[in-house]
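The data block below is coords-v8.cif; it holds mmCIF, C-alpha atoms.
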```
data_data
#
loop_
_atom_site.label_atom_id
_atom_site.label_comp_id
_atom_site.auth_asym_id
_atom_site.auth_seq_id
_atom_site.Cartn_x
_atom_site.Cartn_y
_atom_site.Cartn_z
CA MET D 22 -23.46 18.85 -34.13
CA PRO D 23 -20.27 17.18 -35.35
CA ASP D 24 -18.16 18.63 -38.13
CA ILE D 25 -19.08 17.48 -41.63
CA ILE D 26 -16.15 17.86 -44.00
CA ALA D 27 -16.71 18.44 -47.71
CA SER D 28 -16.04 15.37 -49.83
CA THR D 29 -13.07 14.94 -52.13
CA SER D 30 -15.33 15.47 -55.15
CA ASP D 31 -15.66 19.18 -54.40
CA GLY D 32 -13.96 21.67 -56.67
CA GLU D 33 -14.38 24.69 -58.87
CA ILE D 34 -15.55 25.68 -62.30
CA PHE D 35 -14.54 28.95 -63.91
CA SER D 36 -15.59 30.99 -66.89
CA ALA D 37 -13.61 33.76 -68.59
CA ASN D 38 -14.55 36.35 -71.21
CA ASP D 39 -13.94 39.95 -72.22
CA ALA D 40 -17.47 40.88 -71.07
CA TYR D 41 -18.38 40.43 -67.41
CA SER D 42 -22.06 39.91 -68.27
CA THR D 43 -21.10 36.98 -70.52
CA VAL D 44 -19.04 35.38 -67.75
CA ARG D 45 -21.76 35.82 -65.15
CA SER D 46 -24.52 34.33 -67.32
CA ALA D 47 -22.46 31.53 -68.91
CA THR D 48 -24.07 28.09 -68.87
CA THR D 49 -20.81 26.14 -68.91
CA GLY D 50 -17.31 26.63 -67.61
CA THR D 51 -13.95 24.95 -67.24
CA VAL D 52 -13.64 22.38 -64.46
CA SER D 53 -10.37 22.87 -62.59
CA ASP D 54 -8.40 19.75 -61.76
CA GLY D 55 -6.08 21.56 -59.35
CA GLY D 56 -7.99 20.85 -56.16
CA ILE D 57 -9.87 23.41 -54.16
CA THR D 58 -7.07 24.33 -51.80
CA ASN D 59 -5.08 25.87 -54.64
CA GLN D 60 -7.91 27.69 -56.35
CA VAL D 61 -9.21 31.21 -56.30
CA GLY D 62 -12.58 30.01 -55.02
CA ILE D 63 -15.89 31.71 -55.50
CA ILE D 64 -14.68 35.12 -56.45
CA LYS D 65 -14.81 37.33 -59.50
CA PHE D 66 -11.57 38.95 -60.43
CA ASN D 67 -10.26 41.24 -63.12
CA VAL D 68 -6.81 40.66 -64.53
CA ARG D 69 -4.93 43.94 -64.62
CA GLY D 70 -2.13 44.86 -66.97
CA GLY D 71 -3.51 43.54 -70.22
CA GLY D 72 -4.57 40.07 -69.11
CA SER D 73 -6.88 38.35 -71.52
CA PRO D 74 -9.68 37.73 -71.08
CA PRO D 75 -10.00 40.33 -68.35
CA ASN D 76 -13.01 38.88 -66.48
CA ARG D 77 -13.16 35.52 -64.72
CA ILE D 78 -15.62 34.06 -62.26
CA HIS D 79 -14.73 30.99 -60.23
CA ARG D 80 -17.61 29.10 -58.66
CA PHE D 81 -16.62 26.82 -55.87
CA PHE D 82 -18.75 23.71 -55.22
CA LEU D 83 -18.72 21.82 -51.94
CA ASP D 84 -20.26 18.37 -51.61
CA PHE D 85 -21.41 17.48 -48.09
CA ASP D 86 -22.86 14.10 -47.08
CA THR D 87 -25.73 15.00 -44.78
CA SER D 88 -27.52 11.67 -45.17
CA GLY D 89 -27.11 11.04 -41.43
CA ILE D 90 -29.17 14.14 -40.61
CA SER D 91 -32.89 13.37 -40.41
CA VAL D 92 -34.07 16.31 -38.29
CA THR D 93 -33.48 19.93 -39.22
CA PRO D 94 -30.62 21.24 -37.08
CA SER D 95 -31.21 24.32 -34.95
CA SER D 96 -27.94 25.86 -36.19
CA ALA D 97 -24.84 25.13 -38.24
CA ASN D 98 -21.84 27.04 -39.56
CA LEU D 99 -19.90 26.99 -42.80
CA LYS D 100 -16.14 27.37 -42.34
CA PHE D 101 -13.46 27.93 -44.96
CA THR D 102 -9.94 29.27 -45.05
CA ILE D 103 -8.76 32.14 -47.24
CA ASN D 104 -5.87 31.22 -49.53
CA SER D 105 -3.78 33.79 -51.37
CA GLN D 106 -5.07 35.02 -54.68
CA PRO D 107 -3.04 34.87 -57.88
CA SER D 108 -0.55 37.63 -58.55
CA GLY D 109 -1.95 40.54 -60.55
CA THR D 110 -5.57 40.01 -59.50
CA THR D 111 -7.89 41.96 -57.27
CA THR D 112 -11.18 41.00 -55.70
CA ASP D 113 -14.09 43.38 -55.81
CA SER D 114 -16.89 41.16 -54.61
CA ASN D 115 -18.02 39.44 -51.45
CA LEU D 116 -18.97 35.80 -51.05
CA ILE D 117 -22.35 34.21 -50.54
CA ALA D 118 -23.15 30.50 -50.36
CA VAL D 119 -26.14 29.48 -52.48
CA LYS D 120 -28.01 26.28 -53.18
CA SER D 121 -26.72 24.01 -55.94
CA ASP D 122 -27.72 20.63 -57.28
CA ALA D 123 -24.25 19.81 -58.58
CA PHE D 124 -23.12 16.27 -57.73
CA THR D 125 -26.64 14.85 -58.17
CA GLY D 126 -26.08 13.28 -61.57
CA ALA D 127 -24.69 9.90 -62.47
CA SER D 128 -21.18 10.99 -61.51
CA ASP D 129 -19.78 12.54 -58.34
CA ALA D 130 -17.39 14.55 -60.51
CA LEU D 131 -18.16 18.15 -61.43
CA GLN D 132 -19.22 18.66 -65.03
CA SER D 133 -18.71 21.74 -67.21
CA SER D 134 -22.50 22.30 -67.19
CA ASP D 135 -22.50 22.52 -63.36
CA TYR D 136 -21.14 26.07 -63.71
CA ASP D 137 -24.74 27.23 -64.12
CA ASN D 138 -26.09 24.72 -61.59
CA ILE D 139 -26.67 27.28 -58.85
CA ASP D 140 -29.85 28.76 -57.43
CA ILE D 141 -29.05 32.38 -56.61
CA SER D 142 -32.61 32.84 -55.34
CA THR D 143 -31.82 30.44 -52.45
CA PRO D 144 -28.95 31.90 -50.44
CA TYR D 145 -27.57 29.73 -47.64
CA THR D 146 -25.59 32.49 -45.90
CA ALA D 147 -25.46 36.21 -45.55
CA GLU D 148 -22.91 38.05 -47.69
CA MET D 149 -19.39 37.45 -46.37
CA ASP D 150 -16.68 40.08 -46.60
CA HIS D 151 -13.44 38.30 -47.44
CA GLU D 152 -11.53 41.10 -49.16
CA SER D 153 -9.78 42.29 -46.03
CA ALA D 154 -9.09 38.80 -44.65
CA ALA D 155 -5.43 37.83 -44.44
CA ASN D 156 -4.14 34.68 -46.06
CA GLY D 157 -4.80 31.74 -43.75
CA THR D 158 -7.79 33.38 -42.05
CA THR D 159 -10.70 31.02 -41.34
CA ILE D 160 -14.09 32.54 -42.10
CA THR D 161 -17.04 31.17 -40.12
CA THR D 162 -20.58 32.09 -41.12
CA ALA D 163 -23.96 30.86 -39.94
CA LEU D 164 -26.10 28.82 -42.31
CA ASN D 165 -29.67 30.11 -42.64
CA SER D 166 -32.97 28.22 -42.29
CA ASP D 167 -33.00 27.20 -45.99
CA ALA D 168 -29.60 25.53 -45.62
CA LEU D 169 -30.57 23.88 -42.34
CA SER D 170 -33.78 22.51 -43.85
CA ASP D 171 -31.94 21.20 -46.92
CA MET D 172 -29.39 19.47 -44.68
CA ALA D 173 -32.17 17.21 -43.40
CA ALA D 174 -34.15 16.93 -46.65
CA ASN D 175 -31.34 16.38 -49.14
#
```
How does this structure look as structure tokens?
Amino acid sequence: MPDIIASTSDGEIFSANDAYSTVRSATTGTVSDGGITNQVGIIKFNVRGGGSPPNRIHRFFLDFDTSGISVTPSSANLKFTINSQPSGTTTDSNLIAVKSDAFTGASDALQSSDYDNIDISTPYTAEMDHESAANGTTITTALNSDALSDMAAN
């Protein structure tokens, strides 16, 4: 299968609050205009040393055009590169790709309400350990049968 590169409409939405539970269950967030290559990505981090608010979650949304796929592929991989995280932050979570219906509205641009537009009950990958990965490392992970099926159906 050829490589399918995420579109230029991809990006991230983050939420920040003093309480982690509030950040995790937020229904809206702040759309970042900085481009995905400069962002923290899909990680939760705590700001140490008196940062406020101390909890932030960045959700990273990728938009792939799979309209040319009409038959469910037998396999496919998701690849991404680790960029450095902001100074003063630590990661204490792993990554997992999940289903999202972001980008299906009238606009290809991410909206604040897309922060909650994820289906955590439909994982597309196994949990990925990125904490020990060096800056510039490319992570490759297999997409599961749900992702493969959605590639042909959506």
Quick one: residues within 7 Å of Ser121 in chain D, all atoms listed in the file, excluding same-chain residues fewer than 5 positions away - as a tab-separated table (two decimals) with C-alpha atoms, keeping the file's coordinate frame?
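This went into result_0.tsv:
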```
chain	number	residue	atom	x	y	z
D	138	ASN	CA	-26.09	24.72	-61.59
D	139	ILE	CA	-26.67	27.28	-58.85
D	140	ASP	CA	-29.85	28.76	-57.43
```
Could you tell me how far CA of Ala130 in chain D sits from CA of Asn98 in chain D, in Å to one decimal place?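 For CA of Asn98 in chain D relative to CA of Ala130 in chain D, the distance reads 24.8 Å.
Compared by their closest atoms to Ile160 in chain D, and using all atoms listed in the file, the residues D:Ala37, D:Ile103, D:Ala123, D:Leu116 rank with D:Ile103 nearest.
Here CA of Ala118 in chain D is placed at a distance of 16.2 Å from CA of Ile25 in chain D.
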Test item: residues at most 9 Å from Leu83 in chain D, only C-alpha atoms, excluding those fewer than 6 positions along its chain, as a count of residues only: 8
List, as JSON, numbers by chain, every residue that the PyMOL selection byres ((chain D and resi 168) around 10) selects in the file provided. {"D": [93, 94, 96, 97, 98, 118, 119, 120, 143, 144, 145, 146, 163, 164, 165, 166, 167, 169, 170, 171, 172, 173, 174, 175]}
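CA of Asp150 in chain D sits 16.2 Å away from CA of Phe81 in chain D.
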